[in-house]
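Have a look at coords_33.pdb below; it lists PDB, C-alpha atoms.
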```
ATOM      1  CA  MET A   1      -6.538  -3.793 -21.241
ATOM      2  CA  SER A   2      -2.739  -3.606 -21.149
ATOM      3  CA  ASN A   3      -3.061  -0.201 -19.464
ATOM      4  CA  TYR A   4      -5.045  -1.727 -16.602
ATOM      5  CA  ARG A   5      -2.496  -4.528 -16.305
ATOM      6  CA  GLU A   6       0.251  -1.949 -15.947
ATOM      7  CA  ILE A   7      -1.759  -0.120 -13.251
ATOM      8  CA  ALA A   8      -2.210  -3.400 -11.367
ATOM      9  CA  TRP A   9       1.483  -4.280 -11.711
ATOM     10  CA  GLN A  10       2.499  -0.834 -10.473
ATOM     11  CA  GLY A  11       0.219  -0.936  -7.428
ATOM     12  CA  LEU A  12       0.785  -4.522  -6.349
ATOM     13  CA  TRP A  13       4.520  -4.853  -6.974
ATOM     14  CA  LYS A  14       6.639  -2.479  -9.074
ATOM     15  CA  ASN A  15       5.585   0.758  -7.347
ATOM     16  CA  ASN A  16       4.133  -0.700  -4.144
ATOM     17  CA  PRO A  17       3.390   2.103  -1.648
ATOM     18  CA  GLY A  18       4.906   0.250   1.287
ATOM     19  CA  LEU A  19       7.893  -1.545  -0.249
ATOM     20  CA  VAL A  20       8.995   0.887  -2.961
ATOM     21  CA  GLN A  21       7.578   4.336  -2.256
ATOM     22  CA  LEU A  22       7.946   3.810   1.525
ATOM     23  CA  LEU A  23       4.850   5.893   2.222
ATOM     24  CA  GLY A  24       2.562   5.576   5.233
ATOM     25  CA  LEU A  25       5.288   3.970   7.334
ATOM     26  CA  CYS A  26       4.066   5.424  10.633
ATOM     27  CA  PRO A  27       0.825   3.388  10.843
ATOM     28  CA  LEU A  28       2.475   0.529   8.996
ATOM     29  CA  LEU A  29       5.059   0.092  11.763
ATOM     30  CA  ALA A  30       2.846   0.986  14.728
ATOM     31  CA  VAL A  31      -0.403  -0.895  14.086
ATOM     32  CA  THR A  32       0.770  -4.175  12.549
ATOM     33  CA  ALA A  33       1.205  -6.081  15.818
ATOM     34  CA  THR A  34      -1.488  -8.527  14.661
ATOM     35  CA  VAL A  35      -2.984  -9.563  11.328
ATOM     36  CA  THR A  36      -6.406  -8.321  12.462
ATOM     37  CA  ASN A  37      -5.184  -4.783  13.115
ATOM     38  CA  ALA A  38      -3.187  -4.772   9.878
ATOM     39  CA  LEU A  39      -6.132  -5.990   7.812
ATOM     40  CA  GLY A  40      -8.515  -3.508   9.423
ATOM     41  CA  LEU A  41      -6.250  -0.526   8.758
ATOM     42  CA  GLY A  42      -5.463  -1.788   5.251
ATOM     43  CA  VAL A  43      -9.112  -2.140   4.268
ATOM     44  CA  ALA A  44      -9.927   1.299   5.713
ATOM     45  CA  THR A  45      -7.047   2.867   3.771
ATOM     46  CA  MET A  46      -8.051   1.056   0.582
ATOM     47  CA  LEU A  47     -11.649   2.310   0.812
ATOM     48  CA  VAL A  48     -10.465   5.872   1.285
ATOM     49  CA  LEU A  49      -8.050   5.489  -1.637
ATOM     50  CA  ILE A  50     -10.724   4.201  -4.013
ATOM     51  CA  PHE A  51     -13.395   6.780  -3.243
ATOM     52  CA  SER A  52     -10.984   9.712  -2.951
ATOM     53  CA  ASN A  53      -9.549   8.859  -6.376
ATOM     54  CA  ILE A  54     -13.049   8.719  -7.853
ATOM     55  CA  LEU A  55     -14.118  12.055  -6.349
ATOM     56  CA  VAL A  56     -10.870  13.800  -7.255
ATOM     57  CA  SER A  57     -11.180  12.547 -10.834
ATOM     58  CA  LEU A  58     -14.769  13.806 -11.034
ATOM     59  CA  VAL A  59     -13.959  17.328  -9.831
ATOM     60  CA  ARG A  60     -10.531  17.714 -11.434
ATOM     61  CA  ASP A  61     -11.809  19.968 -14.228
ATOM     62  CA  TYR A  62     -13.698  22.274 -11.854
ATOM     63  CA  VAL A  63     -11.021  22.924  -9.202
ATOM     64  CA  PRO A  64      -8.499  25.724  -9.830
ATOM     65  CA  LYS A  65      -4.908  24.530  -9.745
ATOM     66  CA  GLU A  66      -4.041  27.003  -7.004
ATOM     67  CA  ILE A  67      -6.360  25.350  -4.443
ATOM     68  CA  ARG A  68      -6.365  21.740  -5.637
ATOM     69  CA  ILE A  69      -4.357  20.368  -2.685
ATOM     70  CA  PRO A  70      -6.672  21.853   0.013
ATOM     71  CA  VAL A  71      -9.696  20.558  -1.909
ATOM     72  CA  PHE A  72      -8.157  17.082  -2.153
ATOM     73  CA  VAL A  73      -7.405  17.093   1.589
ATOM     74  CA  MET A  74     -11.004  18.095   2.371
ATOM     75  CA  ILE A  75     -12.310  15.212   0.249
ATOM     76  CA  ILE A  76      -9.956  12.752   1.943
ATOM     77  CA  ALA A  77     -10.821  14.058   5.424
ATOM     78  CA  ALA A  78     -14.550  13.651   4.781
ATOM     79  CA  LEU A  79     -14.051  10.066   3.591
ATOM     80  CA  VAL A  80     -11.787   9.189   6.531
ATOM     81  CA  THR A  81     -14.391  10.553   8.955
ATOM     82  CA  THR A  82     -17.058   8.404   7.295
ATOM     83  CA  VAL A  83     -14.899   5.263   7.495
ATOM     84  CA  GLN A  84     -13.979   6.049  11.108
ATOM     85  CA  LEU A  85     -17.635   6.366  12.107
ATOM     86  CA  LEU A  86     -18.514   3.103  10.346
ATOM     87  CA  ILE A  87     -15.725   1.220  12.136
ATOM     88  CA  ASN A  88     -16.757   2.806  15.432
ATOM     89  CA  ALA A  89     -20.335   1.602  14.867
ATOM     90  CA  TYR A  90     -19.711  -1.918  13.562
ATOM     91  CA  ALA A  91     -16.224  -2.889  14.805
ATOM     92  CA  TYR A  92     -15.722  -1.024  18.064
ATOM     93  CA  GLY A  93     -12.960  -3.332  19.304
ATOM     94  CA  LEU A  94     -10.947  -2.693  16.169
ATOM     95  CA  TYR A  95     -11.682   1.015  16.512
ATOM     96  CA  LEU A  96     -10.072   0.981  19.965
ATOM     97  CA  SER A  97      -7.092  -1.056  18.727
ATOM     98  CA  LEU A  98      -6.306   1.256  15.814
ATOM     99  CA  GLY A  99      -6.697   4.337  17.988
ATOM    100  CA  ILE A 100      -5.254   7.572  16.662
ATOM    101  CA  PHE A 101      -3.911   5.909  13.511
ATOM    102  CA  LEU A 102      -7.406   5.620  12.062
ATOM    103  CA  PRO A 103      -8.044   9.392  11.754
ATOM    104  CA  LEU A 104      -4.394   9.841  10.746
ATOM    105  CA  ILE A 105      -5.227   8.152   7.426
ATOM    106  CA  VAL A 106      -5.968  11.738   6.336
ATOM    107  CA  THR A 107      -2.237  12.487   6.416
ATOM    108  CA  ASN A 108      -1.212   9.277   4.658
ATOM    109  CA  CYS A 109       1.017  10.320   1.763
ATOM    110  CA  VAL A 110      -0.174   7.361  -0.316
ATOM    111  CA  ILE A 111      -3.673   8.843  -0.618
ATOM    112  CA  ILE A 112      -2.774  12.444  -1.355
ATOM    113  CA  GLY A 113       0.011  11.240  -3.651
ATOM    114  CA  ARG A 114      -2.322   9.142  -5.815
ATOM    115  CA  ALA A 115      -4.897  11.929  -5.881
ATOM    116  CA  GLU A 116      -2.309  14.385  -7.193
ATOM    117  CA  ALA A 117      -0.278  12.084  -9.446
ATOM    118  CA  PHE A 118      -3.010   9.900 -10.974
ATOM    119  CA  ALA A 119      -6.638  10.721 -10.147
ATOM    120  CA  SER A 120      -6.318  14.395 -11.100
ATOM    121  CA  ARG A 121      -5.192  13.361 -14.600
ATOM    122  CA  ASN A 122      -7.293  10.298 -15.430
ATOM    123  CA  THR A 123     -10.888   9.109 -15.767
ATOM    124  CA  PRO A 124     -12.922   7.984 -12.719
ATOM    125  CA  LEU A 125     -12.791   4.320 -13.778
ATOM    126  CA  LYS A 126      -9.019   4.251 -14.123
ATOM    127  CA  SER A 127      -8.669   6.255 -10.912
ATOM    128  CA  ALA A 128     -10.875   3.791  -9.010
ATOM    129  CA  PHE A 129      -8.831   0.866 -10.330
ATOM    130  CA  ASP A 130      -5.589   2.612  -9.390
ATOM    131  CA  GLY A 131      -6.920   3.206  -5.869
ATOM    132  CA  LEU A 132      -7.934  -0.454  -5.617
ATOM    133  CA  MET A 133      -4.532  -1.748  -6.720
ATOM    134  CA  MET A 134      -2.540   0.683  -4.587
ATOM    135  CA  GLY A 135      -4.786  -0.109  -1.632
ATOM    136  CA  MET A 136      -4.393  -3.847  -2.147
ATOM    137  CA  GLY A 137      -0.625  -3.487  -2.405
ATOM    138  CA  PHE A 138      -0.494  -1.457   0.800
ATOM    139  CA  THR A 139      -2.851  -3.877   2.574
ATOM    140  CA  ALA A 140      -0.753  -6.870   1.478
ATOM    141  CA  VAL A 141       2.365  -5.361   3.036
ATOM    142  CA  LEU A 142       0.441  -4.605   6.234
ATOM    143  CA  VAL A 143      -0.918  -8.158   6.469
ATOM    144  CA  VAL A 144       2.435  -9.844   5.766
ATOM    145  CA  LEU A 145       4.183  -7.632   8.308
ATOM    146  CA  GLY A 146       1.400  -8.223  10.830
ATOM    147  CA  ALA A 147       1.609 -11.992  10.304
ATOM    148  CA  ILE A 148       5.381 -12.016  10.871
ATOM    149  CA  ARG A 149       5.117  -9.959  14.052
ATOM    150  CA  GLU A 150       2.143 -11.886  15.446
ATOM    151  CA  ILE A 151       3.765 -15.286  14.850
ATOM    152  CA  LEU A 152       7.077 -14.208  16.407
ATOM    153  CA  SER A 153       5.529 -12.450  19.404
ATOM    154  CA  GLN A 154       2.473 -14.583  20.213
ATOM    155  CA  GLY A 155       2.746 -17.726  18.089
ATOM    156  CA  THR A 156      -0.737 -17.112  16.639
ATOM    157  CA  LEU A 157      -2.470 -15.869  13.508
ATOM    158  CA  PHE A 158      -5.755 -13.930  13.288
ATOM    159  CA  ALA A 159      -5.935 -13.350  17.035
ATOM    160  CA  GLY A 160      -8.857 -11.044  17.775
ATOM    161  CA  ALA A 161     -10.463 -11.595  14.380
ATOM    162  CA  ASP A 162     -13.864 -11.156  16.030
ATOM    163  CA  GLN A 163     -13.020  -7.454  16.472
ATOM    164  CA  LEU A 164     -13.072  -7.074  12.688
ATOM    165  CA  LEU A 165     -15.478  -9.741  11.452
ATOM    166  CA  GLY A 166     -17.858 -10.222  14.366
ATOM    167  CA  SER A 167     -18.411 -12.831  17.076
ATOM    168  CA  TRP A 168     -18.547 -15.715  14.567
ATOM    169  CA  ALA A 169     -14.822 -15.163  13.823
ATOM    170  CA  ALA A 170     -13.737 -15.778  17.435
ATOM    171  CA  ASP A 171     -12.659 -19.328  16.529
ATOM    172  CA  MET A 172     -10.513 -18.242  13.585
ATOM    173  CA  THR A 173      -7.378 -17.886  15.718
ATOM    174  CA  ILE A 174      -4.636 -20.253  14.526
ATOM    175  CA  GLN A 175      -2.107 -21.418  17.117
ATOM    176  CA  VAL A 176       1.145 -21.798  15.151
ATOM    177  CA  TRP A 177       3.143 -22.692  18.239
ATOM    178  CA  HIS A 178       2.821 -22.252  21.983
ATOM    179  CA  VAL A 179       4.681 -19.261  23.406
ATOM    180  CA  ASP A 180       5.342 -19.052  27.118
ATOM    181  CA  THR A 181       6.857 -15.571  26.992
ATOM    182  CA  SER A 182       6.033 -13.078  24.257
ATOM    183  CA  PHE A 183       8.917 -11.891  22.077
ATOM    184  CA  LEU A 184       8.896  -8.224  23.070
ATOM    185  CA  LEU A 185      10.986  -6.951  20.151
ATOM    186  CA  ALA A 186       8.494  -8.282  17.611
ATOM    187  CA  MET A 187       5.646  -6.558  19.427
ATOM    188  CA  LEU A 188       7.290  -3.117  19.435
ATOM    189  CA  PRO A 189       7.797  -0.710  16.482
ATOM    190  CA  PRO A 190      11.594  -1.367  16.331
ATOM    191  CA  GLY A 191      10.820  -5.014  15.550
ATOM    192  CA  ALA A 192       8.422  -3.893  12.844
ATOM    193  CA  PHE A 193      11.157  -1.672  11.427
ATOM    194  CA  LEU A 194      13.567  -4.615  11.216
ATOM    195  CA  ALA A 195      10.940  -6.898   9.667
ATOM    196  CA  MET A 196      10.106  -4.194   7.134
ATOM    197  CA  GLY A 197      13.766  -4.004   6.173
ATOM    198  CA  PHE A 198      13.834  -7.752   5.500
ATOM    199  CA  LEU A 199      10.679  -7.477   3.361
ATOM    200  CA  ILE A 200      12.226  -4.691   1.268
ATOM    201  CA  ALA A 201      15.427  -6.713   0.909
ATOM    202  CA  ALA A 202      13.443  -9.784  -0.190
ATOM    203  CA  LYS A 203      11.629  -7.744  -2.844
ATOM    204  CA  ASN A 204      14.918  -6.371  -4.149
ATOM    205  CA  VAL A 205      16.347  -9.906  -4.406
ATOM    206  CA  ILE A 206      13.269 -11.122  -6.299
ATOM    207  CA  ASP A 207      13.448  -8.144  -8.659
ATOM    208  CA  SER A 208      17.135  -8.857  -9.258
ATOM    209  CA  LYS A 209      16.411 -12.516 -10.075
ATOM    210  CA  LEU A 210      13.609 -11.544 -12.455
ATOM    211  CA  GLN A 211      15.892  -9.013 -14.142
ATOM    212  CA  GLN A 212      18.567 -11.654 -14.691
ATOM    213  CA  LYS A 213      16.064 -14.015 -16.338
ATOM    214  CA  GLN A 214      15.019 -11.438 -18.902
ATOM    215  CA  PRO A 215      16.882 -11.676 -22.225
ATOM    216  CA  GLU A 216      19.262  -8.830 -22.829
ATOM    217  CA  ALA A 217      18.309  -6.492 -25.624
ATOM    218  CA  GLU A 218      20.671  -6.724 -28.563
ATOM    219  CA  GLN A 219      22.654  -3.583 -29.162
ATOM    220  CA  PRO A 220      22.378  -2.405 -32.769
ATOM    221  CA  GLU A 221      25.686  -2.443 -34.608
ATOM    222  CA  VAL A 222      26.735   1.028 -35.653
ATOM    223  CA  THR A 223      28.514   1.340 -38.972
ATOM    224  CA  ARG A 224      30.925   4.216 -39.041
ATOM    225  CA  ALA A 225      31.892   5.930 -42.251
ATOM    226  CA  ARG A 226      35.535   6.784 -42.833
ATOM    227  CA  ILE A 227      36.308  10.008 -44.648
ATOM    228  CA  THR A 228      39.520  10.073 -46.640
ATOM    229  CA  LYS A 229      41.041  13.403 -47.424
ATOM    230  CA  VAL A 230      41.874  13.797 -51.064
ATOM    231  CA  ASN A 231      44.623  16.243 -52.000
TER     232      ASN A 231
END
```

Rendering of file as structure tokens:
Amino acid sequence: MSNYREIAWQGLWKNNPGLVQLLGLCPLLAVTATVTNALGLGVATMLVLIFSNILVSLVRDYVPKEIRIPVFVMIIAALVTTVQLLINAYAYGLYLSLGIFLPLIVTNCVIIGRAEAFASRNTPLKSAFDGLMMGMGFTAVLVVLGAIREILSQGTLFAGADQLLGSWAADMTIQVWHVDTSFLLAMLPPGAFLAMGFLIAAKNVIDSKLQQKQPEAEQPEVTRARITKVN
């Protein structure tokens, strides 16, 4: 059980793909203009992470080491295509909003990195849990960044939620404050880059505070022997 707790802690906080490993920054900075886009891309990435980890773990003993990376990429590409077709069929508005960044999940270093570093060395159950935690950690960063940018630029939250959840979610939009003119910097990738920097800084401050609260380990006292030369 403690092993699963460590996997969860690594994925959600200590080794978070977005805040610590700084992987997948291209879609993270480009797509997170709204919470809806961020959540849609995050869920798609998480699904690919989970199932790619499971499949890689299942075939790890049958794939020669020399061709493991191409095989992993083929598995990931097949899963991304499946997710892309599902979003195209059931959430076409979101499909148009995500654009090219949806098929580019194939090149996301988070997915291939977990397949190589974890799934290829562990059981399918642990690999699925690792994919879930890493995916949730990545999705959380996307959603927080999307919320910051959407509030600053439009003064809303969950705008366009019907694109992801259906027509019943059209009334989910929360008007935080009224904005006459959109804050252009928050809408563009440079604004996302600045907001991402503040998120990383906030995590480092929290980690520093937590480190200070931990009791310092006592250093064992070393007894040194003195050798006296006898004539």

Residues matched by the PyMOL selection byres ((chain A and resi 96) around 12) as a PyMOL selection string: chain A and resi 31+37+40-41+84+87-95+97-103+163-164

Result set of the PyMOL selection byres ((chain A and resi 143-157) around 9) on the coordinates above, as a PyMOL selection string: chain A and resi 28-29+31-39+42+138-142+158-159+172-188+191-192+195-196+199

One-decimal distance in Å that lies between CA of Val106 (chain A) and CA of Val73 (chain A):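 Distance reported for this atom pair: 7.3 Å.
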
Who sits within 9 Å of Pro124 (chain A), all atoms listed in the file, same chain under 2 positions skipped, as a list in words: Asn53, Ile54, Leu55, Val56, Ser57, Leu58, Ala119, Asn122, Lys126, Ser127, Ala128 and Phe129 of chain A

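CA of Gly113 (chain A) to CA of Thr45 (chain A) spans 13.2 Å [interatomic distance, one decimal].
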
Atom pair CA of Ile76 (chain A) / CA of Gly11 (chain A): separation (Å):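 One can read the CA of Ile76 (chain A) to CA of Gly11 (chain A) distance as 19.5 Å.
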
For Val71 (chain A): contacts at 12 Å, all atoms listed in the file, fewer than 5 positions along chain excluded, given as a list in words: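 Counting all atoms listed in the file, the residues come to Ser52, Leu55, Val56, Val59, Arg60, Tyr62, Val63, Pro64, Lys65, Glu66, Ile76, Ala77, Ala78, Ile112, Ala115, Glu116 and Ser120 of chain A.
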
Which residue of A:Asp207, A:Gly160, A:Ser167, A:Met134 approaches Gln10 (chain A) most closely, using only C-alpha atoms: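 Residue with the minimum atom-to-atom distance to Gln10 (chain A): A:Met134.
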
Residue among A:Phe51, A:Asp130, A:Asn15, A:Asp61 lying closest to Asn3 (chain A), counting all atoms listed in the file: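 That would be A:Asp130, the residue with the smallest distance to Asn3 (chain A).
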
Nearby residues (all atoms listed in the file) at most 12 Å from Asn204 (chain A), same-chain spacing under 4 positions excluded, as a PyMOL selection string: chain A and resi 13-14+19-20+197-200+208-211

Nearest to Ala8 (chain A) by atom-to-atom distance, counting all atoms listed in the file, from A:Met136, A:Ile75, A:Leu165, A:Ala202: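 Closest residue, counting all atoms listed in the file: A:Met136.
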